[in-house]
>>> print(open('protein24.txt').read())   # compact mmCIF, C-alpha atoms
# COMPACT_ATOMS: atom_id res chain seq x y z
CA MET A 21 137.50 109.00 82.11
CA THR A 22 140.07 106.85 83.91
CA ASN A 23 138.72 104.06 86.05
CA VAL A 24 139.72 103.92 89.72
CA PRO A 25 142.07 101.00 90.41
CA ALA A 26 140.56 98.46 92.80
CA ALA A 27 141.31 95.07 94.34
CA GLU A 28 138.77 92.28 94.69
CA TYR A 29 138.54 89.98 97.69
CA LEU A 30 136.98 86.53 97.24
CA ARG A 31 136.24 83.88 99.85
CA VAL A 32 134.53 80.50 99.99
CA SER A 33 134.21 78.44 103.15
CA THR A 34 134.25 74.92 101.64
CA GLU A 35 135.83 73.19 98.69
CA ARG A 36 132.38 72.11 97.50
CA GLN A 37 131.51 75.69 96.55
CA GLU A 38 133.34 75.18 93.29
CA TYR A 39 131.47 77.89 91.35
CA SER A 40 131.22 80.42 94.14
CA LEU A 41 134.50 82.19 93.42
CA ASP A 42 133.56 82.64 89.77
CA CYS A 43 130.13 83.88 90.82
CA GLN A 44 131.64 86.42 93.19
CA SER A 45 134.17 87.59 90.63
CA ALA A 46 131.51 88.01 87.94
CA ARG A 47 129.30 90.10 90.25
CA ILE A 48 132.28 92.23 91.29
CA ALA A 49 133.26 92.74 87.63
CA HIS A 50 129.73 93.96 86.84
CA TYR A 51 129.81 96.35 89.82
CA ALA A 52 133.22 97.65 88.71
CA ARG A 53 131.97 98.42 85.19
CA GLU A 54 128.86 100.18 86.50
CA ASN A 55 130.76 102.29 89.04
CA GLY A 56 133.99 103.20 87.29
CA PHE A 57 136.45 100.75 88.88
CA ALA A 58 139.16 98.65 87.26
CA VAL A 59 140.13 95.47 89.10
CA CYS A 60 143.92 95.28 89.15
CA GLN A 61 144.56 92.76 91.94
CA THR A 62 142.83 89.75 93.44
CA TYR A 63 143.01 88.36 96.97
CA ARG A 64 141.31 85.05 97.69
CA ASP A 65 140.71 82.60 100.49
CA GLU A 66 139.53 79.20 99.28
CA ALA A 67 137.89 76.75 101.72
CA LYS A 68 138.45 79.15 104.63
CA SER A 69 135.98 79.87 107.38
CA GLY A 70 134.88 83.45 107.85
CA LEU A 71 134.91 83.11 111.63
CA GLU A 72 138.52 84.16 112.14
CA ILE A 73 141.32 85.88 110.29
CA GLY A 74 144.19 83.67 111.46
CA ARG A 75 143.88 81.12 108.64
CA ARG A 76 142.81 83.56 105.94
CA LYS A 77 146.04 84.41 104.15
CA GLY A 78 144.23 86.39 101.46
CA LEU A 79 142.57 88.87 103.81
CA SER A 80 145.68 89.04 106.00
CA GLN A 81 147.81 89.94 102.98
CA LEU A 82 145.26 92.51 101.84
CA LEU A 83 145.33 94.26 105.22
CA GLN A 84 149.12 94.06 105.36
CA ASP A 85 149.41 95.69 101.93
CA VAL A 86 146.89 98.39 102.77
CA VAL A 87 148.30 99.30 106.20
CA GLY A 88 151.86 99.19 104.83
CA GLY A 89 150.97 101.44 101.91
CA ASN A 90 152.16 98.84 99.39
CA GLN A 91 148.95 98.80 97.33
CA SER A 92 148.32 100.52 94.03
CA TYR A 93 144.52 100.45 94.31
CA LYS A 94 142.11 102.88 95.97
CA ALA A 95 139.22 100.55 96.74
CA VAL A 96 138.46 96.97 97.75
CA LEU A 97 135.47 95.24 96.15
CA VAL A 98 133.80 92.41 98.09
CA TYR A 99 130.74 90.38 97.08
CA ASP A 100 128.85 91.00 100.35
CA VAL A 101 129.29 91.50 104.08
CA SER A 102 129.44 87.75 104.82
CA ARG A 103 132.37 87.27 102.38
CA TRP A 104 134.31 89.87 104.36
CA GLY A 105 133.72 87.66 107.38
CA ARG A 106 131.31 86.02 109.80
CA PHE A 107 133.18 87.26 112.85
CA GLN A 108 131.28 86.55 116.06
CA ASP A 109 132.11 90.06 117.26
CA PRO A 110 130.79 92.56 114.67
CA ASP A 111 133.37 95.05 115.91
CA GLU A 112 136.13 92.82 114.52
CA ALA A 113 134.71 93.08 110.99
CA ALA A 114 134.35 96.84 111.47
CA HIS A 115 137.96 97.07 112.69
CA TYR A 116 139.40 95.47 109.55
CA GLU A 117 137.26 97.71 107.35
CA PHE A 118 138.38 100.76 109.32
CA LEU A 119 142.05 99.85 108.74
CA CYS A 120 141.36 100.09 105.01
CA LYS A 121 139.39 103.32 105.34
CA ALA A 122 142.13 104.92 107.46
CA ALA A 123 144.63 104.13 104.70
CA GLY A 124 142.42 105.80 102.10
CA VAL A 125 141.03 102.54 100.67
CA GLN A 126 137.23 102.30 100.64
CA VAL A 127 135.52 98.90 100.96
CA HIS A 128 132.54 98.31 98.64
CA TYR A 129 130.02 95.47 99.07
CA CYS A 130 128.92 94.77 95.53
CA ALA A 131 125.87 92.54 96.06
CA GLU A 132 124.31 94.40 99.00
CA GLN A 133 121.27 96.64 98.75
CA PHE A 134 122.96 99.51 100.60
CA SER A 135 125.84 101.77 99.69
CA ASN A 136 128.83 101.80 102.01
CA ASP A 137 128.90 105.59 102.01
CA GLY A 138 128.69 106.35 105.73
CA HIS A 139 125.09 107.51 105.76
CA PHE A 140 123.29 106.71 109.00
CA SER A 141 120.68 104.38 107.50
CA ASN A 142 123.34 102.48 105.56
CA LEU A 143 125.50 102.13 108.67
CA ILE A 144 122.57 100.52 110.49
CA LEU A 145 121.98 98.09 107.60
CA LYS A 146 125.67 97.19 107.44
CA THR A 147 125.83 96.52 111.19
CA LEU A 148 122.66 94.42 110.96
CA LYS A 149 124.18 92.43 108.10
CA ARG A 150 127.30 91.76 110.17
CA VAL A 151 125.19 90.48 113.06
CA MET A 152 123.17 88.30 110.66
CA ALA A 153 126.37 86.88 109.15
CA ALA A 154 127.60 85.93 112.63
CA GLU A 155 124.22 84.48 113.60
CA TYR A 156 124.20 82.29 110.49
CA SER A 157 127.41 80.61 111.71
CA ARG A 158 126.00 80.15 115.21
CA GLU A 159 122.84 78.53 113.88
CA LEU A 160 124.84 76.30 111.53
CA SER A 161 127.10 75.27 114.41
CA ASP A 162 124.04 74.28 116.48
CA LYS A 163 122.63 72.22 113.60
CA VAL A 164 125.95 70.44 113.03
CA PHE A 165 126.26 69.68 116.74
CA ALA A 166 122.72 68.28 116.86
CA GLY A 167 123.46 66.10 113.82
CA MET A 168 126.71 64.79 115.27
CA THR A 169 124.93 64.06 118.56
CA ARG A 170 122.39 61.87 116.75
CA VAL A 171 125.18 60.06 114.90
CA VAL A 172 127.06 59.26 118.12
CA LYS A 173 123.93 58.19 120.01
CA ASN A 174 123.28 55.71 117.22
CA GLY A 175 126.72 54.20 117.89
CA PHE A 176 128.64 55.61 114.94
CA ARG A 177 132.02 57.29 114.78
CA SER A 178 132.23 61.09 114.63
CA GLY A 179 135.97 61.62 114.19
CA ALA A 180 138.42 60.84 111.42
CA TYR A 181 141.18 59.15 113.44
CA PRO A 182 140.05 55.89 115.12
CA GLY A 183 142.89 55.60 117.64
CA TYR A 184 145.37 52.82 118.38
CA GLY A 185 143.77 49.38 118.28
CA PHE A 186 140.77 50.43 116.19
CA ARG A 187 139.89 50.79 112.52
CA ARG A 188 137.01 52.56 110.77
CA MET A 189 134.40 50.47 108.96
CA LEU A 190 132.16 52.07 106.33
CA VAL A 191 128.54 51.07 106.88
CA SER A 192 125.60 51.64 104.53
CA ALA A 193 122.29 53.18 105.60
CA GLY A 194 120.91 49.65 105.80
CA GLY A 195 123.67 48.50 108.17
CA ILE A 196 125.69 46.59 105.57
CA ARG A 197 129.44 46.78 106.10
CA ARG A 198 131.07 48.04 102.93
CA GLN A 199 134.82 48.32 103.52
CA GLN A 200 137.47 49.32 106.01
CA LEU A 201 138.68 52.89 105.57
CA SER A 202 142.39 53.53 105.41
CA THR A 203 144.14 56.54 106.91
CA GLY A 204 143.08 59.67 105.04
CA GLU A 205 140.04 58.08 103.41
CA HIS A 206 136.58 59.55 103.99
CA LYS A 207 133.06 58.41 103.21
CA SER A 208 131.64 59.90 100.03
CA ILE A 209 127.94 59.05 100.40
CA ALA A 210 126.03 61.23 102.85
CA THR A 211 123.80 58.40 104.09
CA ASP A 212 126.73 56.09 104.90
CA ARG A 213 128.09 55.93 108.42
CA VAL A 214 131.39 54.96 110.05
CA LEU A 215 131.66 52.34 112.77
CA LEU A 216 134.67 51.54 114.96
CA VAL A 217 135.90 47.95 114.79
CA PRO A 218 138.88 46.25 116.46
CA GLY A 219 142.06 46.58 114.44
CA PRO A 220 144.87 44.07 113.87
CA ALA A 221 145.22 41.34 116.49
CA SER A 222 148.66 42.63 117.45
CA GLU A 223 147.31 46.09 118.33
CA VAL A 224 144.40 44.57 120.27
CA PHE A 225 146.89 42.47 122.23
CA TRP A 226 149.05 45.45 123.17
CA VAL A 227 146.05 47.51 124.28
CA GLN A 228 145.02 44.69 126.61
CA GLU A 229 148.62 44.34 127.76
CA ILE A 230 148.71 48.04 128.69
CA TYR A 231 145.71 47.51 130.96
CA ARG A 232 147.32 44.41 132.49
CA LEU A 233 150.59 46.21 133.19
CA PHE A 234 148.72 49.10 134.77
CA ILE A 235 146.35 47.04 136.92
CA SER A 236 148.28 43.90 137.81
CA GLU A 237 151.83 45.26 137.92
CA ASN A 238 151.10 48.78 139.12
CA ARG A 239 153.19 50.33 136.34
CA THR A 240 153.25 54.08 135.70
CA PHE A 241 152.38 55.60 132.32
CA ALA A 242 156.06 56.24 131.60
CA GLY A 243 157.01 52.79 132.85
CA ILE A 244 154.49 51.13 130.55
CA ALA A 245 155.72 53.18 127.58
CA THR A 246 159.30 52.13 128.32
CA GLU A 247 158.25 48.48 128.59
CA LEU A 248 156.39 48.63 125.27
CA GLU A 249 159.43 50.12 123.56
CA ARG A 250 161.66 47.45 125.09
CA ARG A 251 159.42 44.67 123.85
CA GLY A 252 159.12 46.17 120.37
CA ALA A 253 155.39 46.89 120.48
CA PRO A 254 154.42 48.67 117.23
CA PHE A 255 152.89 52.12 117.51
CA LEU A 256 151.87 54.78 115.01
CA LYS A 257 154.14 55.02 111.99
CA GLY A 258 157.22 57.07 112.78
CA LYS A 259 156.29 57.57 116.44
CA HIS A 260 157.35 56.08 119.74
CA TRP A 261 155.33 55.16 122.79
CA SER A 262 154.95 57.95 125.36
CA ASP A 263 153.27 58.37 128.73
CA HIS A 264 150.61 60.53 127.02
CA ALA A 265 149.79 57.78 124.52
CA VAL A 266 149.49 55.21 127.31
CA LYS A 267 147.29 57.52 129.38
CA ARG A 268 144.92 58.09 126.46
CA ILE A 269 144.46 54.36 125.95
CA LEU A 270 143.83 53.84 129.66
CA THR A 271 141.26 56.64 129.94
CA HIS A 272 139.27 56.71 126.69
CA PRO A 273 135.86 54.98 127.05
CA LYS A 274 135.93 53.76 123.44
CA TYR A 275 138.17 50.88 124.54
CA LYS A 276 135.20 49.43 126.44
CA GLY A 277 132.91 49.92 123.43
CA THR A 278 131.40 53.27 124.40
CA ALA A 279 130.92 55.91 121.72
CA ILE A 280 131.63 59.37 123.11
CA TYR A 281 131.47 62.90 121.74
CA ASN A 282 131.94 66.47 122.98
CA ARG A 283 134.75 65.81 125.47
CA THR A 284 136.42 68.95 124.11
CA THR A 285 135.09 71.72 121.93
CA GLU A 286 136.37 74.28 119.44
CA ARG A 287 132.97 75.50 118.29
CA LEU A 288 132.95 78.68 116.20
CA CYS A 289 136.76 78.50 115.97
CA SER A 290 137.14 79.15 119.68
CA LYS A 291 140.16 77.99 121.64
CA SER A 292 140.00 74.29 122.45
CA ARG A 293 138.66 73.64 125.93
CA LYS A 294 137.50 70.67 127.96
CA VAL A 295 133.77 70.14 128.38
CA PRO A 296 132.29 69.11 131.75
CA GLN A 297 131.57 65.39 131.87
CA SER A 298 127.88 66.11 132.43
CA GLU A 299 127.73 67.52 128.87
CA TRP A 300 129.43 64.59 127.13
CA ILE A 301 127.40 62.67 124.57
CA VAL A 302 127.75 59.00 125.58
CA ALA A 303 126.44 55.84 123.90
CA PRO A 304 127.36 52.67 125.88
CA ASN A 305 127.89 49.36 124.05
CA ALA A 306 127.98 51.10 120.68
CA PHE A 307 130.56 48.77 119.13
CA GLU A 308 132.78 45.80 119.92
CA PRO A 309 135.13 46.62 122.83
CA ILE A 310 138.83 45.81 123.06
CA VAL A 311 138.87 45.47 126.85
CA GLU A 312 136.14 44.23 129.14
CA ALA A 313 134.03 46.88 130.87
CA THR A 314 135.06 45.62 134.31
CA MET A 315 138.71 45.90 133.37
CA PHE A 316 138.22 49.46 132.10
CA GLU A 317 136.41 50.51 135.28
CA THR A 318 139.13 48.92 137.41
CA ALA A 319 141.69 51.05 135.62
CA GLN A 320 139.61 54.19 136.22
CA GLU A 321 139.33 53.42 139.92
CA ALA A 322 143.08 52.90 140.08
CA LEU A 323 143.62 56.24 138.38
CA ARG A 324 141.34 57.98 140.87
CA GLN A 325 143.25 56.48 143.76
CA ARG A 326 146.62 57.34 142.28
CA PHE A 327 145.85 60.91 141.37
CA CYS A 328 143.16 61.87 143.84
CA HIS A 329 143.38 65.49 145.01
CA ARG A 330 143.52 65.67 148.78
CA SER A 331 143.48 68.73 150.98
CA ASN A 332 146.49 69.74 153.04
CA GLU A 333 144.64 68.65 156.16
CA GLN A 334 144.00 65.17 154.75
CA ILE A 335 147.66 64.74 153.76
CA LEU A 336 148.83 65.86 157.20
CA GLU A 337 146.49 63.38 158.90
CA GLN A 338 147.85 60.55 156.74
CA MET A 339 151.42 61.61 157.47
CA LYS A 340 150.64 61.59 161.22
CA SER A 341 149.19 58.10 160.87
CA ILE A 342 152.33 56.86 159.07
CA LEU A 343 154.57 58.47 161.67
CA LYS A 344 152.57 56.90 164.51
CA THR A 345 152.66 53.46 162.88
CA HIS A 346 156.30 53.39 161.75
CA GLY A 347 157.88 55.90 164.10
CA ARG A 348 159.50 57.71 161.19
CA LEU A 349 158.86 59.34 157.78
CA SER A 350 160.72 58.47 154.61
CA THR A 351 160.36 58.86 150.87
CA ALA A 352 159.30 55.23 150.53
CA LEU A 353 156.63 55.58 153.22
CA LEU A 354 155.33 58.90 151.90
CA SER A 355 154.99 57.45 148.41
CA CYS A 356 152.13 55.39 149.81
CA LEU A 357 150.08 58.59 149.94
CA SER A 358 149.79 58.65 146.15
CA TRP A 359 150.58 55.16 144.91
CA LYS A 360 148.96 52.74 147.35
CA TRP A 361 146.08 50.74 145.91
CA ARG A 362 145.01 47.12 145.68
CA LYS A 363 145.01 44.83 142.72
CA ARG A 364 141.58 43.76 141.50
CA SER A 365 141.26 39.97 141.41
CA SER A 366 137.82 40.08 139.77
CA VAL A 367 139.21 40.80 136.32
CA LYS A 368 140.36 37.45 134.94
CA ILE A 369 142.04 38.79 131.84
CA ALA A 370 144.24 41.05 133.95
CA GLU A 371 145.54 38.02 135.85
CA ARG A 372 146.81 36.24 132.78
CA THR A 373 150.51 36.33 132.25
CA TYR A 374 152.04 37.82 129.15
CA GLU A 375 152.94 34.36 127.82
CA GLU A 376 149.44 32.91 128.42
CA ARG A 377 147.71 35.75 126.58
CA ALA A 378 150.23 35.72 123.75
CA GLN A 379 149.68 31.99 123.30
CA ALA A 380 145.88 32.41 123.34
CA LEU A 381 146.12 35.15 120.73
CA HIS A 382 147.92 32.93 118.22
CA CYS A 383 145.80 29.82 118.71
>>> encode(input="protein24.txt", output="structure tokens")
Amino acid sequence: MTNVPAAEYLRVSTERQEYSLDCQSARIAHYARENGFAVCQTYRDEAKSGLEIGRRKGLSQLLQDVVGGNQSYKAVLVYDVSRWGRFQDPDEAAHYEFLCKAAGVQVHYCAEQFSNDGHFSNLILKTLKRVMAAEYSRELSDKVFAGMTRVVKNGFRSGAYPGYGFRRMLVSAGGIRRQQLSTGEHKSIATDRVLLVPGPASEVFWVQEIYRLFISENRTFAGIATELERRGAPFLKGKHWSDHAVKRILTHPKYKGTAIYNRTTERLCSKSRKVPQSEWIVAPNAFEPIVEATMFETAQEALRQRFCHRSNEQILEQMKSILKTHGRLSTALLSCLSWKWRKRSSVKIAERTYEERAQALHC
């Protein structure tokens, strides 16, 4: 009796599951022998989440071959329902299986206790398994979020990239500083933590200079970026200063020593979105700041005054006031509506000149 040609689909979600692919393949091979299949092709997705199909080249290629009629097999063998995917919408998993079924290719789940034969009781079990697979990811996401929240509240770093002016310091469970992590390096011991520390003196200087230019000289983001380029301020390797880079430095609370987490979210592979400030995880005075807290808050107040959103009625009232005072309207006068604000004399470091601060830095 000739065995039915079949393809196997294998997936692991992390690189640490080093034996999982072999385990899946062995179980599929046993199922194939017991049920008259011959595996003739393998599709695999290594270290790929089951939450979405976009990054899973193996499953995407399988579906492309099946829908296009380019396959030589009549069945697809999968370890279990969760390997097919942990899609948050069970209908998505069903859709991809239906594409195979419509092309005459039956999907078999080799390690499940039900047969994928279309019987009512088995359909209920399969749907339940899909929901359970999705729920596993949701629960895991909640546990990871809770763990990261604890890490940040204890003053440690949650991300890989420290940002301009900072470096990452590896800290033991006992609080002993081990070493500074270079770009691309990660901690290998689960109990170790990562702390942000000020980077090279030159980067610290330029961060403080950005705040001074913004507060004392009323420079725009683009104007500051142009000034930094003119003065040869170093930035990230192979990149130039931009208004976006300047804005990030002027608005991120880490520059005043505050650890922060959950400003944006992509949980469960969703599209990145901003999180309301009320839901941010904030830990003040978590590490050594680069700029004084008063200087940071002065910059935030200046930003609010520059970019405050006023109603049409408020703008018209201000325009009437300008017209009454000056007897005319002009571009220069109207610019006051968005750019007028006072310098803050309470921040001593902002009052230092470029030469004074540069001299202090090298003393």
>>> residues_around(input="protein24.txt", residues="region 52-56 of chain A", least_positions_apart="5", cutoff="10 Å", atoms="only C-alpha atoms", output="ChimeraX atom specification")
/A:21-26,28,46-47,97,128,130
>>> closest_atom_pairs(input="protein24.txt", of="region 138-191 of chain A", to="region 211-217 of chain A", cutoff="6 Å", atoms="only C-alpha atoms", output="Markdown table")
| residue | atom | partner | partner_atom | distance |
| --- | --- | --- | --- | --- |
| A:Phe176 | CA | A:Leu215 | CA | 5.0 |
| A:Arg177 | CA | A:Val214 | CA | 5.3 |
| A:Phe186 | CA | A:Val217 | CA | 5.6 |
| A:Arg187 | CA | A:Val217 | CA | 5.4 |
| A:Arg188 | CA | A:Leu216 | CA | 4.9 |
| A:Met189 | CA | A:Leu215 | CA | 5.1 |
| A:Leu190 | CA | A:Val214 | CA | 4.8 |
| A:Val191 | CA | A:Arg213 | CA | 5.1 |
>>> write_last_selection(input="protein24.txt", atoms="C-alpha atoms", output="PDB file, keeping the file's coordinate frame")
ATOM      1  CA  PHE A 176     128.640  55.610 114.940  1.00  0.00           C
ATOM      2  CA  ARG A 177     132.020  57.290 114.780  1.00  0.00           C
ATOM      3  CA  PHE A 186     140.770  50.430 116.190  1.00  0.00           C
ATOM      4  CA  ARG A 187     139.890  50.790 112.520  1.00  0.00           C
ATOM      5  CA  ARG A 188     137.010  52.560 110.770  1.00  0.00           C
ATOM      6  CA  MET A 189     134.400  50.470 108.960  1.00  0.00           C
ATOM      7  CA  LEU A 190     132.160  52.070 106.330  1.00  0.00           C
ATOM      8  CA  VAL A 191     128.540  51.070 106.880  1.00  0.00           C
TER       9      VAL A 191
END
>>> atom_distance(input="protein24.txt", atom1="CA of Gln133 (chain A)", atom2="CA of Tyr99 (chain A)")
11.5 Å
>>> atom_distance(input="protein24.txt", atom1="CA of Phe255 (chain A)", atom2="CA of Glu223 (chain A)")
8.3 Å
>>> residues_around(input="protein24.txt", residues="Lys267 (chain A)", least_positions_apart="6", cutoff="10 Å", atoms="all atoms listed in the file", output="PyMOL selection string")
chain A and resi 230+240-242+244-245+323
>>> write_last_selection(input="protein24.txt", atoms="C-alpha atoms", output="mmCIF file, keeping the file's coordinate frame")
data_model
loop_
_atom_site.group_PDB
_atom_site.id
_atom_site.type_symbol
_atom_site.label_atom_id
_atom_site.label_comp_id
_atom_site.auth_asym_id
_atom_site.auth_seq_id
_atom_site.Cartn_x
_atom_site.Cartn_y
_atom_site.Cartn_z
ATOM 1 C CA ILE A 230 148.710 48.040 128.690
ATOM 2 C CA THR A 240 153.250 54.080 135.700
ATOM 3 C CA PHE A 241 152.380 55.600 132.320
ATOM 4 C CA ALA A 242 156.060 56.240 131.600
ATOM 5 C CA ILE A 244 154.490 51.130 130.550
ATOM 6 C CA ALA A 245 155.720 53.180 127.580
ATOM 7 C CA LEU A 323 143.620 56.240 138.380
#
>>> closest_residue(input="protein24.txt", among="A:Arg158, A:Asn282, A:Gln81, A:Gly243", to="Val295 (chain A)", atoms="all atoms listed in the file")
A:Asn282
>>> residues_near_point(input="protein24.txt", point="(142.5, 43.1, 122.5)", cutoff="10 Å", atoms="only C-alpha atoms", output="tab-separated table (two decimals) with C-alpha atoms, keeping the file's coordinate frame")
chain	number	residue	atom	x	y	z
A	185	GLY	CA	143.77	49.38	118.28
A	186	PHE	CA	140.77	50.43	116.19
A	218	PRO	CA	138.88	46.25	116.46
A	219	GLY	CA	142.06	46.58	114.44
A	220	PRO	CA	144.87	44.07	113.87
A	221	ALA	CA	145.22	41.34	116.49
A	222	SER	CA	148.66	42.63	117.45
A	223	GLU	CA	147.31	46.09	118.33
A	224	VAL	CA	144.40	44.57	120.27
A	225	PHE	CA	146.89	42.47	122.23
A	226	TRP	CA	149.05	45.45	123.17
A	227	VAL	CA	146.05	47.51	124.28
A	228	GLN	CA	145.02	44.69	126.61
A	229	GLU	CA	148.62	44.34	127.76
A	275	TYR	CA	138.17	50.88	124.54
A	309	PRO	CA	135.13	46.62	122.83
A	310	ILE	CA	138.83	45.81	123.06
A	311	VAL	CA	138.87	45.47	126.85
A	312	GLU	CA	136.14	44.23	129.14
A	377	ARG	CA	147.71	35.75	126.58
A	381	LEU	CA	146.12	35.15	120.73
>>> decode(input="protein24.txt", residues="region 64-106 of chain A", atoms="C-alpha atoms", output="short mmCIF file (atom, residue, chain, number, x, y, z; two decimals), in the first residue's frame")
data_model
loop_
_atom_site.label_atom_id
_atom_site.label_comp_id
_atom_site.auth_asym_id
_atom_site.auth_seq_id
_atom_site.Cartn_x
_atom_site.Cartn_y
_atom_site.Cartn_z
CA ARG A 64 9.44 25.41 9.80
CA ASP A 65 9.34 28.62 11.77
CA GLU A 66 12.11 28.88 14.35
CA ALA A 67 11.86 31.44 17.18
CA LYS A 68 8.59 32.80 15.77
CA SER A 69 5.57 33.78 17.79
CA GLY A 70 2.31 32.03 17.03
CA LEU A 71 0.33 35.24 17.50
CA GLU A 72 0.53 36.42 13.90
CA ILE A 73 1.37 35.09 10.47
CA GLY A 74 3.28 38.11 9.16
CA ARG A 75 6.69 36.98 10.44
CA ARG A 76 6.15 33.26 9.94
CA LYS A 77 7.73 32.55 6.57
CA GLY A 78 7.26 28.81 6.93
CA LEU A 79 3.48 28.90 7.36
CA SER A 80 3.15 31.67 4.77
CA GLN A 81 5.05 29.57 2.22
CA LEU A 82 2.96 26.51 3.07
CA LEU A 83 -0.29 28.39 2.44
CA GLN A 84 1.11 29.94 -0.74
CA ASP A 85 2.06 26.51 -2.08
CA VAL A 86 -1.28 24.98 -1.16
CA VAL A 87 -3.47 27.79 -2.52
CA GLY A 88 -1.33 28.00 -5.68
CA GLY A 89 -1.54 24.26 -6.26
CA ASN A 90 2.25 23.93 -6.23
CA GLN A 91 2.38 21.16 -3.61
CA SER A 92 2.87 17.47 -4.19
CA TYR A 93 1.41 16.38 -0.84
CA LYS A 94 -2.17 15.68 0.21
CA ALA A 95 -1.96 16.40 3.92
CA VAL A 96 -0.23 18.68 6.43
CA LEU A 97 0.92 17.17 9.72
CA VAL A 98 1.23 19.51 12.73
CA TYR A 99 2.23 18.59 16.29
CA ASP A 100 -0.83 20.25 17.91
CA VAL A 101 -3.25 23.14 17.60
CA SER A 102 -0.91 25.60 19.38
CA ARG A 103 1.91 24.92 16.87
CA TRP A 104 -0.47 25.94 14.07
CA GLY A 105 -0.87 29.21 15.93
CA ARG A 106 -1.96 31.09 19.04
#
